[in-house]
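K.L.:
You'll find run.txt just under this line, and it carries compact mmCIF, C-alpha atoms and all ligand atoms.
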# COMPACT_ATOMS: atom_id res chain seq x y z
CA MET A 1 6.95 28.84 34.79
CA GLN A 2 5.89 25.37 33.75
CA GLN A 3 8.46 23.67 31.52
CA PHE A 4 7.56 21.60 28.50
CA ALA A 5 10.11 19.14 27.22
CA GLN A 6 11.04 19.05 23.58
CA PHE A 7 9.33 16.13 21.82
CA ASN A 8 11.92 13.77 20.37
CA PRO A 9 10.19 10.68 18.99
CA GLN A 10 12.24 7.61 18.07
CA ALA A 11 12.48 6.54 14.46
CA ARG A 12 10.25 3.46 14.60
CA ILE A 13 9.83 0.66 12.12
CA LEU A 14 6.22 1.17 11.09
CA LEU A 15 4.64 -2.12 10.04
CA GLY A 16 1.05 -1.36 10.97
CA PRO A 17 -1.92 -0.31 8.84
CA GLY A 18 -0.46 3.18 8.35
CA PRO A 19 1.26 5.52 8.75
CA SER A 20 4.12 3.80 6.96
CA ASN A 21 7.74 4.92 7.20
CA VAL A 22 8.48 8.25 5.53
CA ASN A 23 11.55 8.78 3.36
CA PRO A 24 13.85 11.54 4.75
CA ARG A 25 13.51 13.31 1.39
CA VAL A 26 9.81 13.78 2.16
CA LEU A 27 10.42 15.04 5.70
CA ASN A 28 13.03 17.46 4.38
CA ALA A 29 10.60 18.74 1.76
CA MET A 30 8.20 19.72 4.55
CA ALA A 31 10.84 21.95 6.10
CA ALA A 32 10.98 24.20 3.00
CA PRO A 33 9.96 27.86 3.46
CA MET A 34 6.26 28.68 3.61
CA LEU A 35 4.61 30.13 0.52
CA GLY A 36 1.25 31.80 0.16
CA HIS A 37 -1.47 29.51 -1.15
CA LEU A 38 -1.85 31.69 -4.26
CA ASP A 39 1.88 32.30 -4.74
CA PRO A 40 2.77 31.63 -8.39
CA ASP A 41 5.51 29.20 -7.32
CA TYR A 42 3.06 27.27 -5.17
CA VAL A 43 0.48 27.30 -7.97
CA GLY A 44 3.17 25.77 -10.20
CA LEU A 45 3.65 23.00 -7.63
CA MET A 46 -0.11 22.34 -7.60
CA GLU A 47 -0.01 21.70 -11.35
CA GLU A 48 2.86 19.24 -10.95
CA ILE A 49 1.01 17.42 -8.14
CA LYS A 50 -2.05 17.00 -10.36
CA LYS A 51 0.12 15.51 -13.13
CA LEU A 52 1.80 13.10 -10.71
CA LEU A 53 -1.54 12.04 -9.21
CA ARG A 54 -2.88 11.30 -12.70
CA ILE A 55 0.11 9.01 -13.29
CA VAL A 56 -0.40 7.15 -10.01
CA PHE A 57 -4.19 6.86 -10.49
CA GLN A 58 -3.60 5.90 -14.17
CA THR A 59 -6.18 8.42 -15.27
CA ALA A 60 -6.67 11.35 -17.61
CA ASN A 61 -9.35 12.80 -15.29
CA ASP A 62 -9.16 16.58 -15.24
CA VAL A 63 -10.50 16.79 -11.67
CA THR A 64 -7.64 15.07 -9.83
CA PHE A 65 -6.25 16.75 -6.71
CA PRO A 66 -5.54 16.10 -3.01
CA VAL A 67 -8.46 16.78 -0.66
CA SER A 68 -7.33 18.62 2.48
CA GLY A 69 -7.74 15.97 5.15
CA THR A 70 -6.96 12.29 5.66
CA GLY A 71 -8.43 9.35 3.75
CA SER A 72 -11.76 9.69 5.55
CA ALA A 73 -12.08 13.24 4.19
CA GLY A 74 -11.69 11.81 0.70
CA MET A 75 -14.39 9.26 1.45
CA GLU A 76 -16.71 11.95 2.77
CA SER A 77 -15.94 14.17 -0.20
CA ALA A 78 -16.83 11.47 -2.76
CA LEU A 79 -20.11 10.67 -1.04
CA ALA A 80 -21.09 14.23 -0.10
CA ASN A 81 -20.62 15.46 -3.65
CA LEU A 82 -22.40 12.60 -5.42
CA ILE A 83 -25.31 11.91 -3.07
CA GLU A 84 -28.49 13.94 -2.76
CA GLU A 85 -31.30 13.31 -0.28
CA GLY A 86 -33.08 10.04 -1.00
CA ASP A 87 -30.55 8.67 -3.51
CA GLU A 88 -30.03 4.93 -3.43
CA ALA A 89 -26.47 3.77 -2.71
CA VAL A 90 -25.23 0.18 -2.81
CA VAL A 91 -22.27 -0.25 -0.44
CA GLY A 92 -20.14 -3.37 0.05
CA VAL A 93 -19.51 -4.03 3.75
CA ASN A 94 -16.97 -6.68 4.78
CA GLY A 95 -14.98 -4.75 7.35
CA VAL A 96 -14.52 -1.46 9.16
CA PHE A 97 -14.03 0.72 6.09
CA GLY A 98 -16.99 -0.56 4.10
CA ALA A 99 -19.08 0.04 7.22
CA ARG A 100 -17.67 3.57 7.47
CA ALA A 101 -18.60 4.30 3.84
CA ALA A 102 -22.15 3.02 4.42
CA GLU A 103 -22.48 5.18 7.53
CA CYS A 104 -21.10 8.19 5.71
CA ALA A 105 -23.48 7.70 2.73
CA GLU A 106 -26.39 7.51 5.17
CA ARG A 107 -25.36 10.77 6.84
CA MET A 108 -25.36 12.39 3.38
CA GLY A 109 -29.01 11.41 3.02
CA ALA A 110 -28.72 8.24 0.94
CA ARG A 111 -30.94 5.19 1.26
CA VAL A 112 -28.14 2.67 1.70
CA HIS A 113 -28.34 -0.95 0.55
CA ARG A 114 -25.60 -2.68 2.55
CA VAL A 115 -24.20 -5.74 0.81
CA GLU A 116 -22.61 -7.64 3.66
CA ALA A 117 -19.99 -10.35 3.61
CA GLU A 118 -18.27 -12.12 6.44
CA TRP A 119 -15.12 -10.28 7.59
CA GLY A 120 -12.17 -11.88 5.81
CA ARG A 121 -14.17 -12.63 2.66
CA ILE A 122 -14.75 -10.56 -0.47
CA VAL A 123 -18.11 -8.98 -1.25
CA GLU A 124 -19.43 -11.28 -3.99
CA PRO A 125 -20.19 -9.39 -7.22
CA GLU A 126 -23.44 -11.36 -7.65
CA LYS A 127 -24.69 -9.97 -4.36
CA ILE A 128 -23.93 -6.43 -5.53
CA GLU A 129 -25.90 -7.16 -8.68
CA ALA A 130 -28.85 -8.45 -6.64
CA ALA A 131 -28.81 -5.21 -4.63
CA LEU A 132 -28.66 -3.13 -7.82
CA LYS A 133 -31.68 -5.06 -9.15
CA SER A 134 -33.62 -4.27 -6.00
CA CYS A 135 -33.04 -0.51 -6.43
CA GLN A 136 -35.41 1.73 -8.34
CA ARG A 137 -32.69 4.12 -9.52
CA PRO A 138 -29.30 3.31 -8.02
CA LYS A 139 -27.10 6.41 -7.80
CA LEU A 140 -23.82 4.74 -6.94
CA VAL A 141 -22.02 1.60 -5.90
CA ALA A 142 -19.16 1.90 -3.40
CA VAL A 143 -16.62 -0.77 -2.47
CA VAL A 144 -13.32 -0.86 -0.63
CA HIS A 145 -10.45 -2.06 -2.81
CA ALA A 146 -8.14 -3.01 0.07
CA GLU A 147 -10.06 -3.66 3.30
CA THR A 148 -7.43 -2.76 5.87
CA SER A 149 -9.32 -4.30 8.78
CA THR A 150 -9.13 -7.82 7.28
CA GLY A 151 -6.44 -7.81 4.59
CA VAL A 152 -8.93 -8.67 1.82
CA LEU A 153 -8.36 -7.61 -1.79
CA GLN A 154 -11.75 -6.89 -3.35
CA PRO A 155 -12.33 -7.57 -7.07
CA VAL A 156 -13.43 -4.27 -8.59
CA GLU A 157 -13.57 -4.25 -12.37
CA GLU A 158 -16.57 -6.55 -12.73
CA ILE A 159 -18.49 -4.53 -10.13
CA ALA A 160 -17.72 -1.27 -11.93
CA GLN A 161 -19.11 -2.70 -15.18
CA MET A 162 -22.19 -3.84 -13.29
CA ALA A 163 -22.71 -0.43 -11.71
CA HIS A 164 -22.64 1.21 -15.13
CA ARG A 165 -25.05 -1.36 -16.61
CA TYR A 166 -27.54 -0.27 -13.96
CA GLY A 167 -26.88 3.43 -14.57
CA ALA A 168 -24.98 3.94 -11.31
CA LEU A 169 -21.64 5.61 -10.63
CA MET A 170 -18.74 3.56 -9.27
CA VAL A 171 -16.98 4.80 -6.13
CA LEU A 172 -13.75 3.15 -5.00
CA ASP A 173 -11.92 3.39 -1.67
CA ALA A 174 -8.24 3.12 -2.62
CA VAL A 175 -6.93 4.39 0.72
CA THR A 176 -4.75 1.30 1.28
CA SER A 177 -4.26 0.33 -2.34
CA LEU A 178 -2.88 3.36 -4.22
CA ALA A 179 0.89 3.05 -4.87
CA CYS A 180 0.92 -0.52 -3.45
CA ILE A 181 -1.13 -2.37 -6.09
CA PRO A 182 -2.61 -1.20 -9.44
CA VAL A 183 -5.58 1.20 -9.25
CA PRO A 184 -6.30 1.75 -12.96
CA ILE A 185 -9.05 4.34 -12.71
CA ASP A 186 -9.70 4.78 -16.44
CA ARG A 187 -9.39 1.13 -17.45
CA TRP A 188 -11.80 0.08 -14.68
CA GLN A 189 -14.04 3.10 -15.34
CA ILE A 190 -14.10 4.27 -11.74
CA ASP A 191 -16.08 7.49 -11.30
CA ALA A 192 -14.82 8.61 -7.91
CA CYS A 193 -11.76 7.41 -6.03
CA TYR A 194 -10.01 8.57 -2.88
CA SER A 195 -6.80 7.55 -1.16
CA CYS A 196 -4.46 8.87 1.53
CA THR A 197 -0.86 9.99 1.86
CA GLN A 198 0.28 7.85 4.83
CA LYS A 199 -0.04 4.32 3.48
CA GLY A 200 1.23 3.38 0.00
CA ILE A 201 2.52 6.86 -0.81
CA SER A 202 4.53 7.05 2.43
CA ALA A 203 4.12 10.71 3.27
CA PRO A 204 2.73 11.92 6.61
CA PRO A 205 -1.08 11.73 7.02
CA GLY A 206 -3.02 14.84 6.05
CA LEU A 207 -4.11 14.72 2.41
CA SER A 208 -6.42 12.51 0.39
CA PRO A 209 -5.53 12.06 -3.30
CA PHE A 210 -8.84 12.23 -5.11
CA THR A 211 -10.12 11.86 -8.66
CA LEU A 212 -13.50 12.26 -10.38
CA SER A 213 -14.51 11.10 -13.86
CA GLU A 214 -16.24 13.42 -16.32
CA ARG A 215 -19.38 11.36 -15.72
CA ALA A 216 -19.15 12.11 -11.97
CA MET A 217 -18.53 15.80 -12.66
CA ALA A 218 -21.63 15.93 -14.88
CA VAL A 219 -23.67 14.51 -12.00
CA ILE A 220 -22.19 17.11 -9.63
CA ARG A 221 -22.92 19.97 -12.05
CA GLY A 222 -26.50 18.73 -12.37
CA ARG A 223 -27.25 18.60 -8.63
CA ARG A 224 -30.66 19.92 -7.61
CA THR A 225 -29.39 20.75 -4.11
CA LYS A 226 -26.10 22.05 -2.75
CA CYS A 227 -23.45 19.65 -1.47
CA ARG A 228 -24.10 19.15 2.25
CA SER A 229 -20.49 19.80 3.13
CA TRP A 230 -19.22 23.32 2.52
CA TYR A 231 -15.59 22.38 3.17
CA LEU A 232 -15.58 19.44 0.75
CA ASP A 233 -17.74 20.94 -2.02
CA VAL A 234 -15.87 19.98 -5.21
CA SER A 235 -17.75 22.52 -7.34
CA MET A 236 -15.92 25.24 -5.37
CA ILE A 237 -12.62 23.46 -4.66
CA ALA A 238 -12.16 22.59 -8.35
CA GLN A 239 -12.04 26.34 -8.97
CA TYR A 240 -9.01 26.65 -6.69
CA TRP A 241 -7.26 23.62 -8.21
CA GLY A 242 -8.39 24.75 -11.72
CA ALA A 243 -7.56 27.83 -13.80
CA GLU A 244 -9.63 30.28 -11.69
CA ARG A 245 -7.45 29.89 -8.55
CA ALA A 246 -10.39 31.14 -6.51
CA TYR A 247 -9.73 31.08 -2.75
CA HIS A 248 -11.83 28.46 -0.98
CA HIS A 249 -9.79 27.36 2.04
CA THR A 250 -6.08 27.72 2.75
CA ALA A 251 -4.29 24.72 1.28
CA PRO A 252 -2.09 22.72 3.70
CA ILE A 253 1.03 24.03 1.99
CA SER A 254 3.75 21.93 3.64
CA MET A 255 1.70 18.76 3.30
CA ASN A 256 1.56 19.40 -0.43
CA TYR A 257 5.36 19.80 -0.50
CA ALA A 258 5.54 16.38 1.16
CA LEU A 259 3.05 14.81 -1.23
CA TYR A 260 4.95 16.15 -4.22
CA GLU A 261 8.24 14.69 -3.04
CA ALA A 262 6.65 11.34 -2.11
CA LEU A 263 4.99 11.11 -5.55
CA ARG A 264 8.30 11.95 -7.20
CA ILE A 265 9.80 8.96 -5.38
CA VAL A 266 6.91 6.73 -6.51
CA VAL A 267 7.39 7.73 -10.14
CA GLU A 268 11.20 7.42 -9.93
CA GLU A 269 10.81 3.83 -8.75
CA GLY A 270 8.14 3.18 -11.39
CA LEU A 271 4.65 1.84 -10.71
CA GLU A 272 5.40 -1.66 -12.07
CA ALA A 273 8.56 -1.99 -9.98
CA ARG A 274 6.74 -0.72 -6.91
CA TRP A 275 3.85 -3.18 -7.28
CA GLN A 276 6.37 -5.98 -7.86
CA ARG A 277 8.29 -5.01 -4.70
CA HIS A 278 5.07 -5.11 -2.66
CA ARG A 279 4.12 -8.53 -4.09
CA ARG A 280 7.55 -10.03 -3.43
CA ASN A 281 7.92 -8.83 0.16
CA ALA A 282 4.35 -9.90 0.93
CA ALA A 283 4.93 -13.37 -0.53
CA ALA A 284 7.98 -13.71 1.73
CA LEU A 285 6.13 -12.44 4.81
CA GLN A 286 3.14 -14.67 4.19
CA ALA A 287 5.36 -17.72 3.62
CA GLY A 288 7.06 -17.00 6.95
CA VAL A 289 3.78 -16.51 8.79
CA ALA A 290 2.46 -19.80 7.41
CA ALA A 291 5.71 -21.56 8.36
CA MET A 292 5.15 -20.49 11.98
CA GLY A 293 1.79 -22.21 11.85
CA LEU A 294 -0.18 -18.96 12.10
CA LYS A 295 -3.49 -18.56 10.24
CA PHE A 296 -4.56 -15.74 7.93
CA VAL A 297 -7.78 -13.76 8.29
CA ALA A 298 -8.35 -13.15 4.57
CA GLN A 299 -9.59 -15.92 2.33
CA GLU A 300 -7.02 -17.58 0.09
CA GLY A 301 -6.59 -15.98 -3.32
CA HIS A 302 -7.82 -12.59 -2.07
CA ARG A 303 -4.98 -11.55 0.25
CA LEU A 304 -3.45 -8.10 0.02
CA PRO A 305 0.28 -7.74 -0.44
CA GLN A 306 0.42 -4.50 1.56
CA LEU A 307 -1.48 -5.70 4.63
CA THR A 308 -1.52 -9.17 6.14
CA ALA A 309 -4.02 -9.86 8.91
CA VAL A 310 -2.96 -12.81 11.08
CA GLN A 311 -4.93 -14.64 13.76
CA ALA A 312 -3.18 -14.45 17.13
CA PRO A 313 -2.78 -17.98 18.56
CA ALA A 314 -5.40 -18.93 21.16
CA GLY A 315 -4.37 -18.20 24.72
CA ILE A 316 -1.87 -15.50 23.74
CA ASP A 317 -2.14 -11.96 25.04
CA GLU A 318 -1.88 -10.30 21.63
CA ALA A 319 -1.54 -6.79 23.08
CA ALA A 320 1.46 -7.90 25.19
CA ILE A 321 3.16 -9.18 22.03
CA ARG A 322 2.60 -5.82 20.30
CA THR A 323 3.95 -3.97 23.32
CA ALA A 324 7.05 -6.19 23.36
CA LEU A 325 7.55 -5.60 19.63
CA LEU A 326 7.46 -1.87 20.25
CA ARG A 327 9.65 -1.85 23.36
CA THR A 328 12.20 -4.52 22.36
CA TYR A 329 12.27 -4.19 18.59
CA ASN A 330 11.13 -0.56 18.16
CA MET A 331 8.53 -1.91 15.75
CA GLU A 332 4.82 -1.20 15.38
CA ILE A 333 2.26 -3.64 14.03
CA GLY A 334 -1.52 -3.10 14.09
CA ALA A 335 -4.17 -4.52 16.40
CA GLY A 336 -7.48 -6.05 15.30
CA LEU A 337 -10.50 -3.76 14.89
CA GLY A 338 -14.15 -4.36 15.82
CA PRO A 339 -14.87 -8.08 16.21
CA PHE A 340 -11.15 -8.79 15.68
CA LYS A 341 -10.09 -6.75 18.71
CA GLY A 342 -7.75 -8.86 20.84
CA LYS A 343 -7.66 -11.61 18.23
CA VAL A 344 -5.78 -10.37 15.19
CA TRP A 345 -2.51 -8.68 14.22
CA ARG A 346 -2.27 -6.56 11.12
CA ILE A 347 1.17 -6.42 9.55
CA GLY A 348 1.57 -3.68 6.99
CA LEU A 349 4.24 -3.62 4.29
CA MET A 350 3.24 -0.36 2.64
CA GLY A 351 5.36 1.97 0.55
CA GLU A 352 8.72 2.67 2.22
CA SER A 353 8.01 0.00 4.84
CA SER A 354 7.85 -2.80 2.24
CA GLN A 355 11.50 -3.93 2.58
CA ARG A 356 13.17 -7.31 2.88
CA ASN A 357 14.95 -6.35 6.12
CA ASN A 358 11.59 -5.47 7.69
CA VAL A 359 10.13 -8.83 6.65
CA VAL A 360 13.04 -10.72 8.21
CA LEU A 361 12.92 -8.59 11.34
CA VAL A 362 9.20 -8.96 12.03
CA LEU A 363 9.26 -12.72 11.38
CA ASN A 364 12.17 -13.31 13.74
CA ALA A 365 10.76 -10.99 16.36
CA LEU A 366 7.37 -12.72 16.32
CA GLU A 367 9.02 -16.14 16.42
CA GLN A 368 11.09 -15.17 19.43
CA LEU A 369 8.22 -13.53 21.34
CA LEU A 370 5.74 -16.32 20.61
CA SER A 371 8.27 -18.97 21.64
CA ALA A 372 8.93 -17.09 24.85
CA ALA A 373 5.15 -16.99 25.45
CA GLY A 374 5.03 -20.78 25.27
CA ILE A 375 3.87 -21.35 21.68
CA GLU A 376 5.70 -24.27 20.09
CA ILE A 377 7.47 -23.00 16.99
CA ALA A 378 10.30 -24.67 15.07
CA ARG A 379 12.93 -21.93 15.28
CA GLY A 380 14.33 -20.60 12.03
CA ARG A 381 11.59 -21.95 9.77
CA ALA A 382 9.90 -18.60 9.23
CA GLN A 383 12.98 -16.88 7.89
CA ALA A 384 13.91 -19.95 5.84
CA ALA A 385 10.49 -19.83 4.18
CA ALA A 386 10.90 -16.13 3.47
CA ASP A 387 14.42 -16.60 2.13
CA ALA A 388 13.15 -19.32 -0.19
CA VAL A 389 10.70 -16.83 -1.71
CA TYR A 390 13.48 -14.29 -2.25
CA ALA A 391 15.72 -16.96 -3.76
CA GLN A 392 13.00 -17.88 -6.27
CA SER A 393 12.31 -14.33 -7.35
CA ALA A 394 15.88 -13.02 -7.29
C1 LIG B 401 -7.06 4.09 6.60
C2 LIG B 401 -8.30 3.85 5.80
C3 LIG B 401 -9.32 4.81 5.68
C4 LIG B 401 -9.33 6.05 6.49
O1 LIG B 401 -8.26 6.86 6.22
P1 LIG B 401 -7.75 7.94 7.31
O2 LIG B 401 -6.54 8.49 6.61
O3 LIG B 401 -7.44 7.17 8.55
O4 LIG B 401 -8.82 8.92 7.49
C5 LIG B 401 -10.36 4.55 4.81
N1 LIG B 401 -10.43 3.41 4.12
C6 LIG B 401 -9.47 2.46 4.22
C7 LIG B 401 -9.60 1.21 3.41
C8 LIG B 401 -8.40 2.64 5.07
O5 LIG B 401 -7.48 1.68 5.20
Take the structure in the file and write it out as structure tokens.
Ligand SMILES: *Cc1c(COP(=O)(O)O)cnc(C)c1O

P.N.:
Amino acid sequence: MQQFAQFNPQARILLGPGPSNVNPRVLNAMAAPMLGHLDPDYVGLMEEIKKLLRIVFQTANDVTFPVSGTGSAGMESALANLIEEGDEAVVGVNGVFGARAAECAERMGARVHRVEAEWGRIVEPEKIEAALKSCQRPKLVAVVHAETSTGVLQPVEEIAQMAHRYGALMVLDAVTSLACIPVPIDRWQIDACYSCTQKGISAPPGLSPFTLSERAMAVIRGRRTKCRSWYLDVSMIAQYWGAERAYHHTAPISMNYALYEALRIVVEEGLEARWQRHRRNAAALQAGVAAMGLKFVAQEGHRLPQLTAVQAPAGIDEAAIRTALLRTYNMEIGAGLGPFKGKVWRIGLMGESSQRNNVVLVLNALEQLLSAAGIEIARGRAQAAADAVYAQSA
């Protein structure tokens, strides 16, 4: 009989664009006994998860629950439920994930107005407004809060106000922002927002925290046609996550155990403290990167704390550096996507992975590997720059 070896992965240091490192408490939670998806104890857990998600999303939205699937399922759910054939959608596109949202909206039948910006730059609010003006009846505006392909932090609040002035709903991709930086759903008046479990929340991938405003729910209740996706139809799923407990699909039980424990950790730390930790470690990393003479992809003043995209020096085999990081340092960083393939590294400091020891490790590892590859770098300057940031903010 053919033999299959047991799979024993190493515990890596995950400093890519997600998944981030997972706290052992979360992995242990997943090993708890299975319950039925309508078991009263499991139903009790669902209620606690909804409360925790409302805290993290800073919202009072009744319809707040994890979509079964990764961040892209949340994206598809927001767009599938809000869009009907022929609706006009204004979508900001300055990287892979804005492009994915535009593509997804098109597949749902929308007439999409793409508002493009160069990769590495924000989508200018004035350009969104121009697109809204050109619409007859804009249904929604969608932007990506944290564009993981470039490391750009998109201004949101002004665009949400604009969307509402033109009678449109505001959709926000918070897949890489939730639990890393503030995502104040109610204050910004976001109508639909989706995230993921494997980035800022630091659970395994598999669920998409999701929230809809009352305004969005009114639009969904008033649809002339059925949602194109059966699996993601919120009008049915809300009945499972609401008082009716009507079976729709079997919830990913163990993933919800993991999400609950990961959210408990987020709330124990406190949102303010968590955002502050992300800012501090990112400031140290970015100071170290700059001290090595490396250039950033994202425009100044709009750089994410949880993901730093760095231009690989000319003439360097960037993939070989990533392989060496993995083999020698047991550490993963991300490659460039699309036009940045072969040119960019993406260093994530998300959730559990945002730690001072990881910052120091990745800076020293890069310094050593780049020096060995013939790039002239003054040794020790990167860590000194990072240490100076920690000394300031101690
Ligand atoms: C990762 C990511 C997604 C997709 O999430 P998956 O969990 O990979 O499906 C969507 N948007 C942004 C901004 C992301 O970073």

K.L.:
Give me the box for ligand LIG 401 (chain B) as JSON, namely the centre and edge lengths in Å to one decimal of a box along x, y and z that holds every listed atom plus 6 Å on each side.

P.N.:
{"center_x": -8.5, "center_y": 5.1, "center_z": 6.0, "size_x": 15.9, "size_y": 19.7, "size_z": 17.1}

K.L.:
Between atom CA of A:Gly288 and atom CA of A:Ala146, what is the distance in Å, rounded to a tenth?

P.N.:
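Rounded to one decimal, the two atoms are 21.8 Å apart.
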
K.L.:
Report as a ChimeraX atom specification all protein, DNA and RNA residues lying within 8 Å of A:Val344, evaluated on all atoms listed in the file, omitting residues in the same chain fewer than 6 positions from it.

P.N.:
/A:297,309-312,318,335-336

K.L.:
I'd like the neighbourhood of A:Arg187 as a list of chain:residue names, where a residue qualifies if any of its atoms comes within 10 Å (using all atoms listed in the file), though same-chain residues fewer than 5 positions away should be ignored.

P.N.:
A:Gln58, A:Thr59, A:Glu157

K.L.:
Step by step, measure atom-to-atom distances between ligand LIG 401 (chain B) and each residue using all atoms listed in the file, keep those at most 10 Å, then write them as a CSV table (one decimal) with C-alpha atoms, in the coordinates of the input.

P.N.:
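Output contents, as saved in selection.csv:
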chain,number,residue,atom,x,y,z
A,17,PRO,CA,-1.9,-0.3,8.8
A,18,GLY,CA,-0.5,3.2,8.4
A,19,PRO,CA,1.3,5.5,8.8
A,69,GLY,CA,-7.7,16.0,5.2
A,70,THR,CA,-7.0,12.3,5.7
A,71,GLY,CA,-8.4,9.4,3.8
A,72,SER,CA,-11.8,9.7,5.6
A,73,ALA,CA,-12.1,13.2,4.2
A,74,GLY,CA,-11.7,11.8,0.7
A,75,MET,CA,-14.4,9.3,1.4
A,76,GLU,CA,-16.7,12.0,2.8
A,95,GLY,CA,-15.0,-4.8,7.4
A,96,VAL,CA,-14.5,-1.5,9.2
A,97,PHE,CA,-14.0,0.7,6.1
A,98,GLY,CA,-17.0,-0.6,4.1
A,99,ALA,CA,-19.1,0.0,7.2
A,100,ARG,CA,-17.7,3.6,7.5
A,101,ALA,CA,-18.6,4.3,3.8
A,143,VAL,CA,-16.6,-0.8,-2.5
A,144,VAL,CA,-13.3,-0.9,-0.6
A,145,HIS,CA,-10.4,-2.1,-2.8
A,146,ALA,CA,-8.1,-3.0,0.1
A,147,GLU,CA,-10.1,-3.7,3.3
A,148,THR,CA,-7.4,-2.8,5.9
A,149,SER,CA,-9.3,-4.3,8.8
A,150,THR,CA,-9.1,-7.8,7.3
A,151,GLY,CA,-6.4,-7.8,4.6
A,172,LEU,CA,-13.8,3.2,-5.0
A,173,ASP,CA,-11.9,3.4,-1.7
A,174,ALA,CA,-8.2,3.1,-2.6
A,175,VAL,CA,-6.9,4.4,0.7
A,176,THR,CA,-4.8,1.3,1.3
A,177,SER,CA,-4.3,0.3,-2.3
A,194,TYR,CA,-10.0,8.6,-2.9
A,195,SER,CA,-6.8,7.6,-1.2
A,196,CYS,CA,-4.5,8.9,1.5
A,197,THR,CA,-0.9,10.0,1.9
A,198,GLN,CA,0.3,7.8,4.8
A,199,LYS,CA,0.0,4.3,3.5
A,204,PRO,CA,2.7,11.9,6.6
A,205,PRO,CA,-1.1,11.7,7.0
A,206,GLY,CA,-3.0,14.8,6.0
A,207,LEU,CA,-4.1,14.7,2.4
A,208,SER,CA,-6.4,12.5,0.4
A,307,LEU,CA,-1.5,-5.7,4.6

K.L.:
So, counting only C-alpha atoms, which residue among A:Glu85, A:Tyr247, A:Arg322, A:Ala78 is closest to A:Met170?

P.N.:
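Nearest to A:Met170: A:Ala78.
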
K.L.:
Which value, in Å to one decimal, gives the distance between atom CA of A:Val183 and atom CA of A:Leu337?

P.N.:
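Atom-to-atom, atom CA of A:Val183 and atom CA of A:Leu337 are spaced 25.1 Å apart.
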
K.L.:
Between A:Lys343, A:Asp41, A:Ala291, A:Thr323, which one has atoms that come closest to A:Glu367, using only C-alpha atoms?

P.N.:
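When distances to A:Glu367 are compared using only C-alpha atoms, the smallest one comes from A:Ala291.
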
K.L.:
Just to confirm, what's the straight-line distance from atom CA of A:Ala192 to atom CA of A:Ala282 in Å (one decimal)?

P.N.:
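Answer for the atom CA of A:Ala192 to atom CA of A:Ala282 separation: 28.1 Å.
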
K.L.:
Find the residue from A:Ile181, A:Ile159, A:Val266, A:Cys227 that sits nearest to A:Met108; use only C-alpha atoms when measuring.

P.N.:
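Among the listed residues, A:Cys227 lies closest to A:Met108.
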
K.L.:
I need the residue nearest A:Asn358 from this list: A:Pro138, A:Gly16, A:Pro66, A:Pro313. Use all atoms listed in the file for the distance.

P.N.:
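With all atoms listed in the file as the atom set, the closest residue is A:Gly16.
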
K.L.:
Which of these residues is nearest to A:Ser229, using all atoms listed in the file: A:Pro184, A:Gly92, A:Gly109, A:Gly44?

P.N.:
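Ranked by minimum distance to A:Ser229, first place goes to A:Gly109.
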
K.L.:
Could you give me, as a list in words, the residues within 10 Å of A:Phe65, counting only C-alpha atoms and dropping anything in the same chain fewer than 6 positions from it?

P.N.:
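Near neighbours after the sequence-gap exclusion: Met46, Glu47, Ile49, Lys50, Lys51, Leu52, Leu53, Arg54, Tyr194, Leu207, Ser208, Pro209, Phe210, Thr211, Leu212, Ile237, Ala238, Trp241 and Gly242 of chain A.
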
K.L.:
Please tell me which residues are no farther than 12 Å from (1.9, -21.9, 9.7) in the file, counting all atoms listed in the file, and write them as a list in words.

P.N.:
Leu285, Gln286, Ala287, Gly288, Val289, Ala290, Ala291, Met292, Gly293, Leu294, Lys295, Phe296, Val310, Gln311, Ala312, Pro313, Leu363, Glu367, Glu376, Ile377, Ala378, Arg381, Ala382 and Ala385 of chain A

K.L.:
Rank nothing, just name the residue among A:Phe340, A:Arg280, A:Val67, A:Glu88 nearest to A:Val389, using all atoms listed in the file.

P.N.:
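Looking only at the distances to A:Val389, the closest residue turns out to be A:Arg280.
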
K.L.:
Can you rebuild stretch 316-320 of chain A with N, CA, C and O atoms and give it as a CSV table (one decimal), in the coordinates of the input?

P.N.:
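Writing the result to result14.csv gives the following:
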chain,number,residue,atom,x,y,z
A,316,ILE,N,-3.0,-16.5,23.7
A,316,ILE,CA,-1.9,-15.5,23.7
A,316,ILE,C,-2.5,-14.1,24.0
A,316,ILE,O,-3.5,-13.8,23.5
A,317,ASP,N,-1.7,-13.3,24.8
A,317,ASP,CA,-2.1,-12.0,25.0
A,317,ASP,C,-1.6,-11.1,23.9
A,317,ASP,O,-0.4,-10.8,23.9
A,318,GLU,N,-2.4,-10.9,22.9
A,318,GLU,CA,-1.9,-10.3,21.6
A,318,GLU,C,-1.3,-8.9,21.9
A,318,GLU,O,-0.4,-8.5,21.2
A,319,ALA,N,-2.0,-8.2,22.8
A,319,ALA,CA,-1.5,-6.8,23.1
A,319,ALA,C,-0.1,-6.8,23.7
A,319,ALA,O,0.7,-5.9,23.4
A,320,ALA,N,0.1,-7.8,24.5
A,320,ALA,CA,1.5,-7.9,25.2
A,320,ALA,C,2.5,-8.1,24.1
A,320,ALA,O,3.7,-7.6,24.2
